[in-house]
>>> print(open('my_file10.pdb').read())   # PDB, C-alpha atoms
ATOM      1  CA  MET G 337      65.642 126.548 139.280
ATOM      2  CA  THR G 338      67.383 123.326 138.283
ATOM      3  CA  ASN G 339      67.023 120.031 140.101
ATOM      4  CA  GLN G 340      68.344 116.493 140.374
ATOM      5  CA  LEU G 341      64.958 114.851 140.585
ATOM      6  CA  ARG G 342      65.173 112.868 137.352
ATOM      7  CA  SER G 343      68.531 111.302 138.160
ATOM      8  CA  MET G 344      67.539 110.629 141.763
ATOM      9  CA  ARG G 345      64.368 108.962 140.597
ATOM     10  CA  ALA G 346      66.329 106.882 138.092
ATOM     11  CA  GLU G 347      68.692 105.740 140.858
ATOM     12  CA  LYS G 348      65.702 104.398 142.745
ATOM     13  CA  GLY G 349      64.349 102.752 139.598
ATOM     14  CA  TRP G 350      61.060 104.607 139.880
ATOM     15  CA  SER G 351      58.930 105.767 136.983
ATOM     16  CA  GLN G 352      57.359 109.210 137.015
ATOM     17  CA  ALA G 353      54.081 107.537 137.902
ATOM     18  CA  ASP G 354      55.739 105.765 140.873
ATOM     19  CA  LEU G 355      57.138 109.024 142.181
ATOM     20  CA  ALA G 356      53.818 110.773 141.614
ATOM     21  CA  ASP G 357      52.102 108.095 143.714
ATOM     22  CA  LYS G 358      54.590 108.505 146.543
ATOM     23  CA  LEU G 359      54.240 112.292 146.503
ATOM     24  CA  GLU G 360      50.451 112.135 146.043
ATOM     25  CA  VAL G 361      50.567 114.412 143.013
ATOM     26  CA  SER G 362      49.858 113.868 139.321
ATOM     27  CA  ARG G 363      52.452 112.431 136.950
ATOM     28  CA  GLN G 364      52.242 115.704 135.039
ATOM     29  CA  SER G 365      53.426 117.496 138.174
ATOM     30  CA  VAL G 366      56.484 115.265 138.450
ATOM     31  CA  ASN G 367      57.244 115.790 134.777
ATOM     32  CA  ALA G 368      56.900 119.572 135.032
ATOM     33  CA  ILE G 369      59.171 119.705 138.086
ATOM     34  CA  GLU G 370      61.796 117.427 136.527
ATOM     35  CA  THR G 371      61.958 119.495 133.350
ATOM     36  CA  GLY G 372      62.257 122.707 135.373
ATOM     37  CA  LYS G 373      59.021 124.092 133.982
ATOM     38  CA  TYR G 374      57.422 124.268 137.397
ATOM     39  CA  ASP G 375      59.056 125.069 140.730
ATOM     40  CA  PRO G 376      57.333 123.252 143.587
ATOM     41  CA  SER G 377      56.064 125.031 146.668
ATOM     42  CA  LEU G 378      58.115 124.791 149.843
ATOM     43  CA  PRO G 379      55.833 122.100 151.379
ATOM     44  CA  LEU G 380      56.140 119.938 148.242
ATOM     45  CA  ALA G 381      59.898 120.524 148.080
ATOM     46  CA  PHE G 382      60.168 119.339 151.703
ATOM     47  CA  LYS G 383      58.059 116.302 150.873
ATOM     48  CA  ILE G 384      60.393 115.440 147.981
ATOM     49  CA  ALA G 385      63.435 115.948 150.203
ATOM     50  CA  ARG G 386      61.999 113.676 152.933
ATOM     51  CA  LEU G 387      61.187 110.980 150.367
ATOM     52  CA  PHE G 388      64.750 110.919 149.052
ATOM     53  CA  GLU G 389      66.250 111.544 152.502
ATOM     54  CA  LYS G 390      68.177 114.563 151.289
ATOM     55  CA  ARG G 391      68.246 118.257 152.055
ATOM     56  CA  ILE G 392      66.276 120.527 149.732
ATOM     57  CA  GLU G 393      69.431 122.245 148.482
ATOM     58  CA  GLU G 394      70.879 118.879 147.486
ATOM     59  CA  ILE G 395      67.930 118.403 145.123
ATOM     60  CA  PHE G 396      67.115 121.925 143.987
ATOM     61  CA  GLU G 397      69.633 124.491 142.871
ATOM     62  CA  ASP G 398      68.840 128.150 142.461
ATOM     63  CA  SER G 399      70.112 129.087 139.004
ATOM     64  CA  ALA G 400      69.790 132.843 139.669
TER      65      ALA G 400
ATOM     66  CA  MET F1246      41.268 119.802 132.239
ATOM     67  CA  PHE F1247      44.456 117.862 132.793
ATOM     68  CA  CYS F1248      43.989 114.101 132.714
ATOM     69  CA  SER F1249      44.545 113.085 136.305
ATOM     70  CA  PRO F1250      42.313 110.202 137.295
ATOM     71  CA  LYS F1251      43.672 110.279 140.845
ATOM     72  CA  SER F1252      42.509 113.792 141.563
ATOM     73  CA  VAL F1253      39.384 113.545 143.697
ATOM     74  CA  ALA F1254      38.757 117.245 143.114
ATOM     75  CA  LEU F1255      38.925 116.768 139.349
ATOM     76  CA  LYS F1256      36.432 113.924 139.487
ATOM     77  CA  ALA F1257      34.101 116.130 141.540
ATOM     78  CA  TYR F1258      34.634 118.945 139.037
ATOM     79  CA  ASN F1259      33.713 116.709 136.105
ATOM     80  CA  ARG F1260      30.599 115.526 137.948
ATOM     81  CA  GLY F1261      29.692 119.134 138.773
ATOM     82  CA  VAL F1262      30.070 120.242 135.155
ATOM     83  CA  MET F1263      27.922 117.345 133.963
ATOM     84  CA  LYS F1264      25.219 118.204 136.491
ATOM     85  CA  THR F1265      25.157 121.934 135.745
ATOM     86  CA  MET F1266      25.182 121.301 131.996
ATOM     87  CA  SER F1267      22.347 118.773 132.289
ATOM     88  CA  VAL F1268      20.260 121.228 134.300
ATOM     89  CA  TYR F1269      21.108 123.927 131.760
ATOM     90  CA  VAL F1270      19.961 121.848 128.779
ATOM     91  CA  VAL F1271      16.670 120.942 130.478
ATOM     92  CA  THR F1272      16.124 124.563 131.566
ATOM     93  CA  ILE F1273      16.914 126.190 128.218
ATOM     94  CA  LEU F1274      14.708 123.733 126.310
ATOM     95  CA  SER F1275      11.846 124.178 128.778
ATOM     96  CA  VAL F1276      12.114 127.970 128.760
ATOM     97  CA  ALA F1277      12.359 128.092 124.953
ATOM     98  CA  TRP F1278       9.283 125.878 124.646
ATOM     99  CA  PHE F1279       7.310 127.932 127.188
ATOM    100  CA  VAL F1280       8.216 131.285 125.630
ATOM    101  CA  ARG F1281       7.393 130.055 122.142
ATOM    102  CA  TRP F1282       3.934 128.760 123.018
ATOM    103  CA  HIS F1283       2.829 131.030 125.878
ATOM    104  CA  HIS F1284       4.476 134.382 125.072
ATOM    105  CA  PRO F1285       4.987 135.407 128.710
ATOM    106  CA  THR F1286       5.315 139.086 129.612
ATOM    107  CA  GLY F1287       6.260 141.153 132.643
ATOM    108  CA  VAL F1288       7.854 139.563 135.688
ATOM    109  CA  LEU F1289       7.335 136.024 134.394
ATOM    110  CA  ALA F1290       9.305 136.835 131.233
ATOM    111  CA  TYR F1291      12.156 138.205 133.335
ATOM    112  CA  VAL F1292      12.193 135.154 135.588
ATOM    113  CA  LEU F1293      12.136 132.770 132.625
ATOM    114  CA  ALA F1294      14.930 134.690 130.893
ATOM    115  CA  ILE F1295      17.138 134.441 133.956
ATOM    116  CA  LEU F1296      16.481 130.749 134.654
ATOM    117  CA  PRO F1297      18.953 129.278 132.088
ATOM    118  CA  ALA F1298      21.680 131.575 133.419
ATOM    119  CA  ILE F1299      21.508 130.011 136.889
ATOM    120  CA  PRO F1300      23.050 126.601 136.033
ATOM    121  CA  ILE F1301      25.514 128.294 133.696
ATOM    122  CA  THR F1302      26.623 130.565 136.513
ATOM    123  CA  GLY F1303      26.841 127.458 138.672
ATOM    124  CA  MET F1304      29.799 126.442 136.499
ATOM    125  CA  LEU F1305      31.767 129.207 138.185
ATOM    126  CA  ALA F1306      30.920 127.779 141.590
ATOM    127  CA  VAL F1307      31.975 124.319 140.398
ATOM    128  CA  MET F1308      35.299 125.764 139.252
ATOM    129  CA  GLY F1309      35.736 127.625 142.534
ATOM    130  CA  ILE F1310      35.138 124.422 144.493
ATOM    131  CA  TYR F1311      37.652 122.604 142.286
ATOM    132  CA  LEU F1312      40.329 125.236 142.926
ATOM    133  CA  ARG F1313      39.608 125.078 146.661
ATOM    134  CA  ASP F1314      39.746 121.275 146.829
ATOM    135  CA  GLU F1315      42.506 120.403 144.321
ATOM    136  CA  LYS F1316      45.445 119.127 146.370
ATOM    137  CA  ASP F1317      47.833 118.983 143.402
ATOM    138  CA  GLU F1318      49.400 122.437 143.322
ATOM    139  CA  PHE F1319      50.650 122.067 139.751
ATOM    140  CA  LEU F1320      47.197 121.199 138.373
ATOM    141  CA  ARG F1321      45.786 124.130 140.352
ATOM    142  CA  TRP F1322      48.435 126.444 138.892
ATOM    143  CA  VAL F1323      47.709 125.330 135.316
ATOM    144  CA  THR F1324      43.974 125.830 135.831
ATOM    145  CA  ILE F1325      44.537 129.306 137.270
ATOM    146  CA  GLN F1326      46.737 130.229 134.287
ATOM    147  CA  ALA F1327      44.008 129.131 131.877
ATOM    148  CA  LEU F1328      41.383 131.090 133.827
ATOM    149  CA  LEU F1329      43.566 134.211 133.731
ATOM    150  CA  TRP F1330      44.054 133.848 129.981
ATOM    151  CA  ALA F1331      40.315 133.438 129.466
ATOM    152  CA  THR F1332      39.607 136.468 131.664
ATOM    153  CA  GLY F1333      42.115 138.580 129.754
ATOM    154  CA  VAL F1334      40.852 137.557 126.331
ATOM    155  CA  VAL F1335      37.221 138.151 127.281
ATOM    156  CA  LEU F1336      37.945 141.534 128.885
ATOM    157  CA  ALA F1337      39.963 142.658 125.875
ATOM    158  CA  GLY F1338      37.414 141.272 123.427
ATOM    159  CA  THR F1339      34.384 142.845 125.085
ATOM    160  CA  THR F1340      36.191 146.182 125.324
ATOM    161  CA  VAL F1341      37.002 146.103 121.608
ATOM    162  CA  VAL F1342      33.440 145.089 120.760
ATOM    163  CA  GLY F1343      32.121 147.896 122.978
ATOM    164  CA  PHE F1344      34.131 150.511 121.105
ATOM    165  CA  LEU F1345      33.194 148.999 117.742
ATOM    166  CA  GLU F1346      29.560 149.253 118.781
ATOM    167  CA  ASP F1347      29.913 152.893 119.877
ATOM    168  CA  PHE F1348      32.110 154.282 117.116
ATOM    169  CA  ALA F1349      31.606 152.004 114.119
ATOM    170  CA  GLN F1350      27.981 151.011 114.632
ATOM    171  CA  VAL F1351      28.949 147.354 114.630
ATOM    172  CA  LYS F1352      26.185 145.126 115.950
ATOM    173  CA  ALA F1353      27.519 143.362 119.036
ATOM    174  CA  PRO F1354      26.824 139.658 119.476
ATOM    175  CA  ASP F1355      24.420 138.602 122.230
ATOM    176  CA  ALA F1356      25.949 139.073 125.669
ATOM    177  CA  TYR F1357      25.736 135.386 126.595
ATOM    178  CA  TRP F1358      28.510 134.748 124.065
ATOM    179  CA  VAL F1359      30.923 136.201 126.604
ATOM    180  CA  PHE F1360      30.475 133.132 128.785
ATOM    181  CA  ILE F1361      30.801 130.730 125.867
ATOM    182  CA  VAL F1362      33.957 132.434 124.583
ATOM    183  CA  TYR F1363      35.361 132.468 128.125
ATOM    184  CA  TRP F1364      35.142 128.686 128.478
ATOM    185  CA  MET F1365      36.311 128.106 124.909
ATOM    186  CA  VAL F1366      39.464 130.130 125.566
ATOM    187  CA  PHE F1367      39.886 128.336 128.886
ATOM    188  CA  GLY F1368      39.710 124.956 127.123
ATOM    189  CA  VAL F1369      42.113 125.921 124.353
ATOM    190  CA  VAL F1370      44.662 127.352 126.790
ATOM    191  CA  GLN F1371      44.402 124.270 129.023
ATOM    192  CA  PHE F1372      45.108 122.062 126.023
ATOM    193  CA  TRP F1373      48.022 124.247 124.958
ATOM    194  CA  LEU F1374      49.514 124.328 128.470
ATOM    195  CA  GLN F1375      49.101 120.581 128.737
ATOM    196  CA  ARG F1376      51.193 120.146 125.590
ATOM    197  CA  GLN F1377      53.777 122.690 126.742
ATOM    198  CA  TYR F1378      54.342 121.060 130.114
ATOM    199  CA  ARG F1379      54.461 117.559 128.655
ATOM    200  CA  GLN F1380      57.206 118.347 126.164
ATOM    201  CA  GLY F1381      60.584 116.816 126.787
ATOM    202  CA  GLY F1382      60.096 114.886 129.961
ATOM    203  CA  ASP F1383      57.691 111.983 129.712
ATOM    204  CA  ASP F1384      58.921 108.521 130.447
TER     205      ASP F1384
END
>>> encode(input="my_file10.pdb", output="structure tokens")
Amino acid sequence: MTNQLRSMRAEKGWSQADLADKLEVSRQSVNAIETGKYDPSLPLAFKIARLFEKRIEEIFEDSA
Amino acid sequence: MFCSPKSVALKAYNRGVMKTMSVYVVTILSVAWFVRWHHPTGVLAYVLAILPAIPITGMLAVMGIYLRDEKDEFLRWVTIQALLWATGVVLAGTTVVGFLEDFAQVKAPDAYWVFIVYWMVFGVVQFWLQRQYRQGGDD
């Protein structure tokens, strides 16, 4: 799965640590999601979507 | 374990490991001293032999509590991967050693090494995963 998290975060001017704080996860989690090495669970994906005020499919794209 | 100072569960895990390891060190030294100077036999010998295994086994409970309480799903996933690797390596290793013992008369190491090897593999895999997941994305 690919995602737009890095660019969306950059638009907000947030660091990975900032985003991690807002999502209440570790910075490593943010990094792993951004690099596509880890796909978040549905609850975390919804949390990300709410934070950026977007729909999940606007952030995450199924590459299959 | 992953460095995540904000994880309450990880802090509790580290405290739990320190406690169980401290109890283990005191227990093993006490038992070793007692056995050396008093040469216990029978039920007492069995009880003393089992005592050091109790805090060591407690490590598993500490890990179980960590996995239950860790709110960060990614950290939980990495820990589970490392545990699965350790389980696989230990199962494969003990099976090989078992056959070597049966068919090649190789003297097997003491059984408590299984636990030590298990946590060593766990630590190495955690470190390796940590490096893998960090590559290419830090800012």
>>> resolve_selection(input="my_file10.pdb", expression="the PyMOL selection byres ((chain G) within 8 of (chain F))", output="PDB file with C-alpha atoms, keeping the file's coordinate frame")
ATOM      1  CA  SER G 351      58.930 105.767 136.983  1.00  0.00           C
ATOM      2  CA  GLN G 352      57.359 109.210 137.015  1.00  0.00           C
ATOM      3  CA  GLU G 360      50.451 112.135 146.043  1.00  0.00           C
ATOM      4  CA  VAL G 361      50.567 114.412 143.013  1.00  0.00           C
ATOM      5  CA  SER G 362      49.858 113.868 139.321  1.00  0.00           C
ATOM      6  CA  ARG G 363      52.452 112.431 136.950  1.00  0.00           C
ATOM      7  CA  GLN G 364      52.242 115.704 135.039  1.00  0.00           C
ATOM      8  CA  SER G 365      53.426 117.496 138.174  1.00  0.00           C
ATOM      9  CA  ASN G 367      57.244 115.790 134.777  1.00  0.00           C
ATOM     10  CA  ALA G 368      56.900 119.572 135.032  1.00  0.00           C
ATOM     11  CA  GLU G 370      61.796 117.427 136.527  1.00  0.00           C
ATOM     12  CA  THR G 371      61.958 119.495 133.350  1.00  0.00           C
ATOM     13  CA  LYS G 373      59.021 124.092 133.982  1.00  0.00           C
ATOM     14  CA  TYR G 374      57.422 124.268 137.397  1.00  0.00           C
ATOM     15  CA  PRO G 376      57.333 123.252 143.587  1.00  0.00           C
ATOM     16  CA  SER G 377      56.064 125.031 146.668  1.00  0.00           C
TER      17      SER G 377
END
>>> resolve_selection(input="my_file10.pdb", expression="the PyMOL selection byres ((chain F and resi 1296) around 12)", output="VMD selection string")
chain F and resid 1268 to 1277 1289 to 1295 1297 to 1303
>>> residues_around(input="my_file10.pdb", residues="Asp1314 (chain F)", least_positions_apart="6", cutoff="10 Å", atoms="all atoms listed in the file", output="list of chain:residue names")
F:Ser1252, F:Val1253, F:Ala1254, F:Leu1255, F:Ala1257, F:Tyr1258, F:Met1308, F:Arg1321
>>> residues_around(input="my_file10.pdb", residues="Met337 (chain G)", least_positions_apart="6", cutoff="9 Å", atoms="all atoms listed in the file", output="list in words")
Gly372, Lys373, Tyr374, Asp375, Phe396, Glu397, Asp398, Ser399 and Ala400 of chain G
>>> residues_around(input="my_file10.pdb", residues="Leu387 (chain G)", least_positions_apart="5", cutoff="12 Å", atoms="all atoms listed in the file", output="list in words")
Leu341, Met344, Arg345, Lys348, Leu355, Ala356, Asp357, Lys358, Leu359, Glu360, Leu380, Ala381, Phe382, Ile392 and Ile395 of chain G
>>> write_last_selection(input="my_file10.pdb", atoms="C-alpha atoms", output="short mmCIF file (atom, residue, chain, number, x, y, z; two decimals), in the coordinates of the input")
data_model
loop_
_atom_site.label_atom_id
_atom_site.label_comp_id
_atom_site.auth_asym_id
_atom_site.auth_seq_id
_atom_site.Cartn_x
_atom_site.Cartn_y
_atom_site.Cartn_z
CA LEU G 341 64.96 114.85 140.58
CA MET G 344 67.54 110.63 141.76
CA ARG G 345 64.37 108.96 140.60
CA LYS G 348 65.70 104.40 142.74
CA LEU G 355 57.14 109.02 142.18
CA ALA G 356 53.82 110.77 141.61
CA ASP G 357 52.10 108.10 143.71
CA LYS G 358 54.59 108.50 146.54
CA LEU G 359 54.24 112.29 146.50
CA GLU G 360 50.45 112.14 146.04
CA LEU G 380 56.14 119.94 148.24
CA ALA G 381 59.90 120.52 148.08
CA PHE G 382 60.17 119.34 151.70
CA ILE G 392 66.28 120.53 149.73
CA ILE G 395 67.93 118.40 145.12
#
>>> closest_residue(input="my_file10.pdb", among="F:Val1370, F:Val1341, F:Met1304, F:Ala1356", to="Leu1328 (chain F)", atoms="only C-alpha atoms")
F:Val1370
>>> atom_distance(input="my_file10.pdb", atom1="CA of Tyr1363 (chain F)", atom2="CA of Gln1350 (chain F)")
24.1 Å
>>> residues_around(input="my_file10.pdb", residues="Val1359 (chain F)", least_positions_apart="4", cutoff="10 Å", atoms="all atoms listed in the file", output="list in words")
Val1335, Leu1336, Gly1338, Thr1339, Pro1354, Asp1355, Tyr1363, Trp1364 and Met1365 of chain F
>>> write_last_selection(input="my_file10.pdb", atoms="C-alpha atoms", output="compact mmCIF listing (two decimals), in the coordinates of the input")
# COMPACT_ATOMS: atom_id res chain seq x y z
CA VAL F 1335 37.22 138.15 127.28
CA LEU F 1336 37.94 141.53 128.88
CA GLY F 1338 37.41 141.27 123.43
CA THR F 1339 34.38 142.84 125.08
CA PRO F 1354 26.82 139.66 119.48
CA ASP F 1355 24.42 138.60 122.23
CA TYR F 1363 35.36 132.47 128.12
CA TRP F 1364 35.14 128.69 128.48
CA MET F 1365 36.31 128.11 124.91
>>> atom_distance(input="my_file10.pdb", atom1="CA of Phe1344 (chain F)", atom2="CA of Leu1305 (chain F)")
27.4 Å
>>> atom_distance(input="my_file10.pdb", atom1="CA of Arg386 (chain G)", atom2="CA of Lys1256 (chain F)")
28.9 Å
>>> axis_aligned_box(input="my_file10.pdb", around="region 1335-1348 of chain F", padding_each_side="5 Å", output="AutoDock Vina command-line options")
--center_x 34.8 --center_y 146.2 --center_z 123.0 --size_x 20.4 --size_y 26.1 --size_z 21.8
>>> closest_residue(input="my_file10.pdb", among="G:Gly349, G:Leu378, G:Arg342, G:Ile369", to="Glu393 (chain G)", atoms="all atoms listed in the file")
G:Leu378
>>> build_atoms(input="my_file10.pdb", residues="region 361-377 of chain G", atoms="N, CA and C atoms", output="JSON list (two decimals), keeping the file's coordinate frame")
[["chain", "number", "residue", "atom", "x", "y", "z"],
["G", 361, "VAL", "N", 50.84, 113.37, 144.02],
["G", 361, "VAL", "CA", 50.57, 114.41, 143.01],
["G", 361, "VAL", "C", 50.36, 113.70, 141.67],
["G", 362, "SER", "N", 50.04, 114.47, 140.64],
["G", 362, "SER", "CA", 49.86, 113.87, 139.32],
["G", 362, "SER", "C", 51.21, 113.60, 138.67],
["G", 363, "ARG", "N", 51.22, 112.70, 137.68],
["G", 363, "ARG", "CA", 52.45, 112.43, 136.95],
["G", 363, "ARG", "C", 52.90, 113.68, 136.19],
["G", 364, "GLN", "N", 51.92, 114.46, 135.74],
["G", 364, "GLN", "CA", 52.24, 115.70, 135.04],
["G", 364, "GLN", "C", 53.04, 116.65, 135.94],
["G", 365, "SER", "N", 52.70, 116.63, 137.22],
["G", 365, "SER", "CA", 53.43, 117.50, 138.17],
["G", 365, "SER", "C", 54.89, 117.08, 138.26],
["G", 366, "VAL", "N", 55.11, 115.77, 138.37],
["G", 366, "VAL", "CA", 56.48, 115.26, 138.45],
["G", 366, "VAL", "C", 57.25, 115.65, 137.19],
["G", 367, "ASN", "N", 56.60, 115.46, 136.05],
["G", 367, "ASN", "CA", 57.24, 115.79, 134.78],
["G", 367, "ASN", "C", 57.60, 117.28, 134.70],
["G", 368, "ALA", "N", 56.67, 118.12, 135.10],
["G", 368, "ALA", "CA", 56.90, 119.57, 135.03],
["G", 368, "ALA", "C", 58.02, 120.00, 135.97],
["G", 369, "ILE", "N", 58.10, 119.36, 137.14],
["G", 369, "ILE", "CA", 59.17, 119.70, 138.09],
["G", 369, "ILE", "C", 60.52, 119.22, 137.54],
["G", 370, "GLU", "N", 60.54, 117.99, 137.05],
["G", 370, "GLU", "CA", 61.80, 117.43, 136.53],
["G", 370, "GLU", "C", 62.36, 118.25, 135.38],
["G", 371, "THR", "N", 61.49, 118.73, 134.52],
["G", 371, "THR", "CA", 61.96, 119.50, 133.35],
["G", 371, "THR", "C", 62.21, 120.97, 133.68],
["G", 372, "GLY", "N", 61.99, 121.33, 134.95],
["G", 372, "GLY", "CA", 62.26, 122.71, 135.37],
["G", 372, "GLY", "C", 61.21, 123.70, 134.92],
["G", 373, "LYS", "N", 60.08, 123.18, 134.45],
["G", 373, "LYS", "CA", 59.02, 124.09, 133.98],
["G", 373, "LYS", "C", 58.13, 124.57, 135.13],
["G", 374, "TYR", "N", 58.21, 123.87, 136.23],
["G", 374, "TYR", "CA", 57.42, 124.27, 137.40],
["G", 374, "TYR", "C", 58.27, 124.09, 138.65],
["G", 375, "ASP", "N", 58.34, 125.14, 139.46],
["G", 375, "ASP", "CA", 59.06, 125.07, 140.73],
["G", 375, "ASP", "C", 58.06, 124.73, 141.83],
["G", 376, "PRO", "N", 58.30, 123.65, 142.56],
["G", 376, "PRO", "CA", 57.33, 123.25, 143.59],
["G", 376, "PRO", "C", 57.30, 124.24, 144.75],
["G", 377, "SER", "N", 56.18, 124.21, 145.45],
["G", 377, "SER", "CA", 56.06, 125.03, 146.67],
["G", 377, "SER", "C", 57.02, 124.48, 147.72]]
